[in-house]
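A.B. asks: First, the structure itself, so that you have it in front of you.
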Amino acid sequence: MSLTSTRVHSPRVLWLTVPSLVWFAVFSVGPLAAMFVIATLRWKGLLYEPTYIGLENIGRVFADPTFHAAVRNSVIQVAIAIPVMIPLAFMLGYHLTTKPRGYRILSVLYFSPGLISISMTGMIFYGVLSPNGGVNGLLRGIGLDSWATAWLADPSTALPSLIAIDLWRGIGWTAVLFAARLASLPAEVIEAAQIDGAGRMRIMWRIAFPMVKDYVRTLAMLQFLWTLFTSAALILLLTKGGPGTSSTTLSYLVYAKAFSQRDLGYSQVVGVVLLLLGVAGMFLIRALLRGSEEDSR
Amino acid sequence: MNTPRRSRSPLATVLSWLYVLILGIPLYYLVVSAMKSNIEIFTRPFALPANWLWENFGTAWQTADLGRALLNSVLVSLVAIALTLGLAVPAAYALARTDNRLARVITGTFSAGFLIPPFAALIPTVVLAIQVGLYGTREFQMLFLPASALPLSVLLLTQFMRTVPQALVESAALDGAGHWLLLTRVFVPIAMPGVVSVTILQLLTFWNEYLFSLTITGTGPDVRTVQVALPMLVSDATNLGVLAAGTVLTVLPVYVVYSLMNRRMQEALTAGAVKG
């Protein structure tokens with residue numbers, strides 16, 4: 001702690017943070033605050049003059065069945081994607097740190113979908129999931145013709161397909177992150193448990209997991225926010241929220257109301273709801289994965 | 001830096017390679033489709049092409065005007081990364097050298113910003129672009145992208161700059177070195193691994209950015225980035241082979257860079273998540 005005591009105490013050097021703070025305020029905080037203002041306006045598209053209507057938009061949004069469907073779909077999406085992704089990624093990450101045969105190749109392969117942008121992922125799965133595409137070809141090849149369907153155009157499979165893509169790209173990437181964190185744990189603890197005859201499952205969940213629980217929580221929060229907020233891009237590329245509203249999430253509704261249906265007030269009310277859900281979800285994850293990291297120290 | 005003793009678990013081994021298969025099949029399908037006609041994609045989805053349609057690559061390149069789009073992507077990414085470092089490095093230097101309440105408040109501001117996905121404020125950002133007269137230009141993206149990258153960049157760089165030994169700073173200060181000399185001769189060289197990590201991490205983010213490029217820069221052939229240009233190949237009668245070829249061409253640069261420096265890149269990207 002002698003380091004801190006000899007640090008510069010005059011705040012003058014902090015002027016150097018001003019440009020980045022200004023930048024952050026103008027391009028990040030400003031637009032975020034503006035959401036709450038736009039939510040109170042009647043605004044028919046970006047080229048028109050807005051008029052102030054107060055809380056009227058909120059009533060309109062909450063009475064709209066499309067909004068109800070979007071809430072439902074968003075909840076389904078995160079309630080399936082995150083609880084599946086995080087434990088699987090943790091187990092794969094743990095597997096990587098035990099250095100199985102070919103673990104270098106495994107980690108390179110797991111990592112690679114993280115390099116592909118969302119628009120490229122969309123284009124890959126546009127082909128894979130099209131009626132004559134890869135998945136149906138595979139099903140026909142193994143004699144399951146009756147399972148083949150137009151994955152993205154069928155109301156019962158559109159949303160599950162999108163969730164599957166989230167998992168496809170998310171699990172491996174998250175596993176590599178877990179592996180990086182697990183590799184920094186003291187090896188003696190785990191060796192001692194192995195000598196005591198503890199099984200693999202027991203070591204993984206009872207010893208390794210509590211030691212990185214805070215990190216599990218951080219990644220769960222990031223993946224949750226990422227899934228909740230950015231699903232619009234993939235939906236825009238693949239299903240446009242359809243068929244009907246079967247794959248419309250809140251994130252996509254924000255986009256669609258602003259750009260295709262020219263109702264900015266509505267769009268930003270949904271944006272505020274999304275933001276509140278994000279905050280609520282973070283508190284939920286924090287509560288679910290709370291505090292036992294203190295016990296293990 | 002030891003890791004647990006190699007343990008044998010057949011189930012884990014099988015499952016870990018099964019996931020490789022699940023990851024690999026769509027990518028394999030993409031690559032073989034890139035050299036096929038629609039009919040062959042439909043009838044023999046996983047076979048190697050019967051006749052290799054290399055011209056799909058040329059068709060994709062011309063139809064989506066990928067050359068110009070790649071240039072736009074390079075231009076936007078490079079200007080944005082230069083601006084990001086220009087803003088974040090001095091800020092990190094100041095935060096690493098100061099320890100008072102104000103510095104903690106500033107760090108706290110960036111930590112909170114790190115959790116907010118930029119997409120949350122997409123529509124107000126479009127409004128901002130219109131207000132400042134930069135709607136439909138690459139310039140707005142060059143200015144905007146650094147802002148979304150600042151929280152993580154500042155926090156990471158601050159951590160690396162905190163590792164500069166105090167004795168070194170004091171002796172340099174005794175020799176009369178000002179902030180500029182300290183920053184360029186002492187802090188940046190020592191924090192170089194951090195600078196490289198931030199550069200790799202944010203370049204990849206900028207290169208891959210899609211929704212803001214689509215809605216603000218737009219689809220004009222002169223200004224659109226490669227992420228926006230490629231999906232233009234989708235139509236009512238999409239030539240899936242050409243689309244796959246274009247996708248391969250667009251993803252390839254990132255993979256080439258990754259294959260040349262995968263350790264370095266993996267370290268950079270995991271540092272982003274572990275330390276952030």
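If you're wondering about the labels, chains in the structure tokens are A, B, ... by order shown, residues count from 1 in each chain, ligands from 1 in order shown.
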Pull the closest atom pair for each residue of chain B that gets at most 7 Å from chain A, along with the distance in Å to one decimal, counting only C-alpha atoms, ordering rows by chain and then ascending residue number, as JSON lines.
C.D. replies:
```
{"residue": "B:Met1", "atom": "CA", "partner": "A:Ser184", "partner_atom": "CA", "distance": 6.4}
{"residue": "B:Asn2", "atom": "CA", "partner": "A:Ala187", "partner_atom": "CA", "distance": 5.6}
{"residue": "B:Thr3", "atom": "CA", "partner": "A:Ala187", "partner_atom": "CA", "distance": 5.4}
{"residue": "B:Pro4", "atom": "CA", "partner": "A:Thr98", "partner_atom": "CA", "distance": 5.6}
{"residue": "B:Arg5", "atom": "CA", "partner": "A:Thr98", "partner_atom": "CA", "distance": 6.5}
{"residue": "B:Arg6", "atom": "CA", "partner": "A:Thr98", "partner_atom": "CA", "distance": 5.4}
{"residue": "B:Ser7", "atom": "CA", "partner": "A:Thr98", "partner_atom": "CA", "distance": 6.5}
{"residue": "B:Ala12", "atom": "CA", "partner": "A:His95", "partner_atom": "CA", "distance": 6.9}
{"residue": "B:Ser16", "atom": "CA", "partner": "A:Leu92", "partner_atom": "CA", "distance": 6.6}
{"residue": "B:Val20", "atom": "CA", "partner": "A:Leu109", "partner_atom": "CA", "distance": 6.9}
{"residue": "B:Leu23", "atom": "CA", "partner": "A:Trp168", "partner_atom": "CA", "distance": 6.7}
{"residue": "B:Pro26", "atom": "CA", "partner": "A:Val128", "partner_atom": "CA", "distance": 6.5}
{"residue": "B:Tyr29", "atom": "CA", "partner": "A:Gly134", "partner_atom": "CA", "distance": 6.8}
{"residue": "B:Leu30", "atom": "CA", "partner": "A:Ile124", "partner_atom": "CA", "distance": 6.4}
{"residue": "B:Phe42", "atom": "CA", "partner": "A:Asn132", "partner_atom": "CA", "distance": 5.2}
{"residue": "B:Pro45", "atom": "CA", "partner": "A:Gly134", "partner_atom": "CA", "distance": 5.9}
{"residue": "B:Leu87", "atom": "CA", "partner": "A:Ser20", "partner_atom": "CA", "distance": 5.2}
{"residue": "B:Ala88", "atom": "CA", "partner": "A:Ser20", "partner_atom": "CA", "distance": 6.4}
{"residue": "B:Pro90", "atom": "CA", "partner": "A:Leu16", "partner_atom": "CA", "distance": 5.6}
{"residue": "B:Ala91", "atom": "CA", "partner": "A:Thr17", "partner_atom": "CA", "distance": 4.1}
{"residue": "B:Ala94", "atom": "CA", "partner": "A:Leu14", "partner_atom": "CA", "distance": 5.2}
{"residue": "B:Leu95", "atom": "CA", "partner": "A:Leu14", "partner_atom": "CA", "distance": 6.9}
{"residue": "B:Arg97", "atom": "CA", "partner": "A:Arg7", "partner_atom": "CA", "distance": 5.8}
{"residue": "B:Thr98", "atom": "CA", "partner": "A:Val8", "partner_atom": "CA", "distance": 5.4}
{"residue": "B:Asp99", "atom": "CA", "partner": "A:His9", "partner_atom": "CA", "distance": 6.5}
{"residue": "B:Asn100", "atom": "CA", "partner": "A:His9", "partner_atom": "CA", "distance": 6.9}
{"residue": "B:Pro117", "atom": "CA", "partner": "A:Trp226", "partner_atom": "CA", "distance": 6.9}
{"residue": "B:Phe119", "atom": "CA", "partner": "A:Thr230", "partner_atom": "CA", "distance": 6.4}
{"residue": "B:Ala120", "atom": "CA", "partner": "A:Phe229", "partner_atom": "CA", "distance": 6.4}
{"residue": "B:Ala121", "atom": "CA", "partner": "A:Leu32", "partner_atom": "CA", "distance": 5.2}
{"residue": "B:Pro124", "atom": "CA", "partner": "A:Pro31", "partner_atom": "CA", "distance": 4.9}
{"residue": "B:Thr125", "atom": "CA", "partner": "A:Pro31", "partner_atom": "CA", "distance": 5.5}
{"residue": "B:Phe144", "atom": "CA", "partner": "A:Phe27", "partner_atom": "CA", "distance": 6.1}
{"residue": "B:Ala147", "atom": "CA", "partner": "A:Phe24", "partner_atom": "CA", "distance": 5.1}
{"residue": "B:Ser148", "atom": "CA", "partner": "A:Ser28", "partner_atom": "CA", "distance": 6.8}
{"residue": "B:Gln166", "atom": "CA", "partner": "A:Leu3", "partner_atom": "CA", "distance": 6.6}
{"residue": "B:Asn208", "atom": "CA", "partner": "A:Ser117", "partner_atom": "CA", "distance": 4.7}
{"residue": "B:Tyr210", "atom": "CA", "partner": "A:Ser119", "partner_atom": "CA", "distance": 6.4}
{"residue": "B:Leu211", "atom": "CA", "partner": "A:Ala233", "partner_atom": "CA", "distance": 6.2}
{"residue": "B:Gln227", "atom": "CA", "partner": "A:Ser119", "partner_atom": "CA", "distance": 6.0}
{"residue": "B:Pro231", "atom": "CA", "partner": "A:Met123", "partner_atom": "CA", "distance": 6.8}
{"residue": "B:Leu240", "atom": "CA", "partner": "A:Gly127", "partner_atom": "CA", "distance": 6.6}
{"residue": "B:Thr247", "atom": "CA", "partner": "A:Met120", "partner_atom": "CA", "distance": 6.2}
{"residue": "B:Val251", "atom": "CA", "partner": "A:Ile116", "partner_atom": "CA", "distance": 6.5}
{"residue": "B:Val254", "atom": "CA", "partner": "A:Leu115", "partner_atom": "CA", "distance": 6.9}
{"residue": "B:Thr270", "atom": "CA", "partner": "A:Leu177", "partner_atom": "CA", "distance": 5.6}
{"residue": "B:Val274", "atom": "CA", "partner": "A:Arg181", "partner_atom": "CA", "distance": 6.8}
```
A.B. asks: Rounded to one decimal place, report the atom CA of Leu155 of chain B-atom CA of Tyr255 of chain B distance in Å.
C.D. replies: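 Pair atom CA of Leu155 of chain B / atom CA of Tyr255 of chain B returns 27.5 Å.
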A.B. asks: Would you work out the distance separating atom CA of Pro118 of chain B from atom CA of Ile130 of chain B, expressed in Å to one decimal?
C.D. replies: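 Atom CA of Pro118 of chain B sits 17.9 Å away from atom CA of Ile130 of chain B.
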A.B. asks: Which of segment 39-265 of chain B counts as alpha helix (DSSP H) under DSSP, as a count of residues only please?
C.D. replies: 158
A.B. asks: Please compute the atom CA of Ile22 of chain B-atom CA of Ala89 of chain A distance, one decimal, in Å.
C.D. replies: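 Taking atom CA of Ile22 of chain B as the start and atom CA of Ala89 of chain A as the end point, the length is 14.4 Å.
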A.B. asks: Let me make sure I understand: among B:Leu145, B:Ala237, B:Val223, B:Ala244, which one has the smallest atom-to-atom distance to Ser77 of chain B if we use only C-alpha atoms?
C.D. replies: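 Of B:Leu145, B:Ala237, B:Val223, B:Ala244, the one nearest Ser77 of chain B, counting only C-alpha atoms, is B:Leu145.
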A.B. asks: Tell me, as a PyMOL selection string, which residues lie within 7 Å of Leu48 of chain B, counting only C-alpha atoms; anything in the same chain fewer than 2 positions away does not count.
C.D. replies: chain B and resi 32+46+50
A.B. asks: Please produce a file of the residues just selected, as a PDB file, in the first residue's frame, where the atoms kept are all heavy atoms.
C.D. replies:
```
ATOM      1  N   VAL B  32     -18.217 -25.486 -48.221  1.00  0.00           N
ATOM      2  CA  VAL B  32     -18.503 -26.276 -49.431  1.00  0.00           C
ATOM      3  C   VAL B  32     -19.610 -25.625 -50.250  1.00  0.00           C
ATOM      4  O   VAL B  32     -19.592 -25.691 -51.477  1.00  0.00           O
ATOM      5  CB  VAL B  32     -18.871 -27.759 -49.146  1.00  0.00           C
ATOM      6  CG1 VAL B  32     -17.666 -28.511 -48.630  1.00  0.00           C
ATOM      7  CG2 VAL B  32     -20.062 -27.899 -48.228  1.00  0.00           C
ATOM      8  N   PHE B  46     -23.907 -31.812 -48.121  1.00  0.00           N
ATOM      9  CA  PHE B  46     -22.636 -31.950 -47.410  1.00  0.00           C
ATOM     10  C   PHE B  46     -21.525 -32.545 -48.265  1.00  0.00           C
ATOM     11  O   PHE B  46     -20.400 -32.687 -47.809  1.00  0.00           O
ATOM     12  CB  PHE B  46     -22.823 -32.773 -46.135  1.00  0.00           C
ATOM     13  CG  PHE B  46     -23.641 -32.044 -45.118  1.00  0.00           C
ATOM     14  CD1 PHE B  46     -25.000 -32.321 -44.971  1.00  0.00           C
ATOM     15  CD2 PHE B  46     -23.082 -31.039 -44.340  1.00  0.00           C
ATOM     16  CE1 PHE B  46     -25.764 -31.619 -44.049  1.00  0.00           C
ATOM     17  CE2 PHE B  46     -23.845 -30.332 -43.427  1.00  0.00           C
ATOM     18  CZ  PHE B  46     -25.183 -30.622 -43.283  1.00  0.00           C
ATOM     19  N   ALA B  50     -19.420 -30.976 -57.010  1.00  0.00           N
ATOM     20  CA  ALA B  50     -19.169 -31.846 -58.165  1.00  0.00           C
ATOM     21  C   ALA B  50     -18.318 -31.089 -59.174  1.00  0.00           C
ATOM     22  O   ALA B  50     -17.318 -31.601 -59.663  1.00  0.00           O
ATOM     23  CB  ALA B  50     -20.485 -32.289 -58.788  1.00  0.00           C
TER      24      ALA B  50
END
```
A.B. asks: Do a neighbour search on segment 261-269 of chain B at 8 Å with only C-alpha atoms, toss out local chain neighbours closer than 3 positions, and write the hits as an NGL selection string.
C.D. replies: (:A and (108 or 111)) or (:B and (196-198 or 200-201 or 257-258 or 272-273))
A.B. asks: Taking the chain letters and numbering used in this document, name the residues of segment 38-203 of chain A that DSSP puts in strand (DSSP E), as a ChimeraX atom specification.
C.D. replies: /A:41-42,51-52
A.B. asks: Those selected residues, please, written with N, CA, C and O atoms and delivered as a PDB file, in the first residue's frame.
C.D. replies:
```pdb
ATOM      1  N   LEU A  41     -42.778  11.491 -26.293  1.00  0.00           N
ATOM      2  CA  LEU A  41     -43.136  12.271 -27.481  1.00  0.00           C
ATOM      3  C   LEU A  41     -43.990  11.466 -28.448  1.00  0.00           C
ATOM      4  O   LEU A  41     -43.873  10.247 -28.529  1.00  0.00           O
ATOM      5  N   ARG A  42     -44.873  12.184 -29.167  1.00  0.00           N
ATOM      6  CA  ARG A  42     -45.480  11.576 -30.347  1.00  0.00           C
ATOM      7  C   ARG A  42     -44.593  11.973 -31.514  1.00  0.00           C
ATOM      8  O   ARG A  42     -44.426  13.158 -31.816  1.00  0.00           O
ATOM      9  N   THR A  51     -44.194  16.000 -30.974  1.00  0.00           N
ATOM     10  CA  THR A  51     -44.980  16.776 -30.012  1.00  0.00           C
ATOM     11  C   THR A  51     -44.994  16.040 -28.675  1.00  0.00           C
ATOM     12  O   THR A  51     -45.003  14.808 -28.634  1.00  0.00           O
ATOM     13  N   TYR A  52     -45.034  16.815 -27.598  1.00  0.00           N
ATOM     14  CA  TYR A  52     -44.992  16.237 -26.261  1.00  0.00           C
ATOM     15  C   TYR A  52     -46.364  15.679 -25.879  1.00  0.00           C
ATOM     16  O   TYR A  52     -47.370  16.377 -25.996  1.00  0.00           O
TER      17      TYR A  52
END
```
A.B. asks: Determine, counting only C-alpha atoms, which protein, DNA and RNA residues have an atom within 8 Å of an atom of Ala153 of chain A; residues of the same chain fewer than 3 positions away are not included. Present the result as number ranges by chain.
C.D. replies: A: 150, 157-158, 239, 242-243
A.B. asks: Please provide as JSON, numbers by chain all residues within 12 Å of segment 53-69 of chain B, with the sequence filter that same-chain residues fewer than 3 positions apart are discarded (counting only C-alpha atoms).
C.D. replies: {"B": [31, 32, 33, 34, 35, 36, 37, 38, 40, 41, 48, 49, 50, 72, 73, 74, 75, 76, 138, 207, 213, 217, 218, 219, 220, 221, 222, 223, 224, 225, 226, 227, 228, 229, 230, 231, 232, 233, 234, 238, 239, 240, 241, 242, 243, 244, 245, 246, 247, 248, 249, 250]}
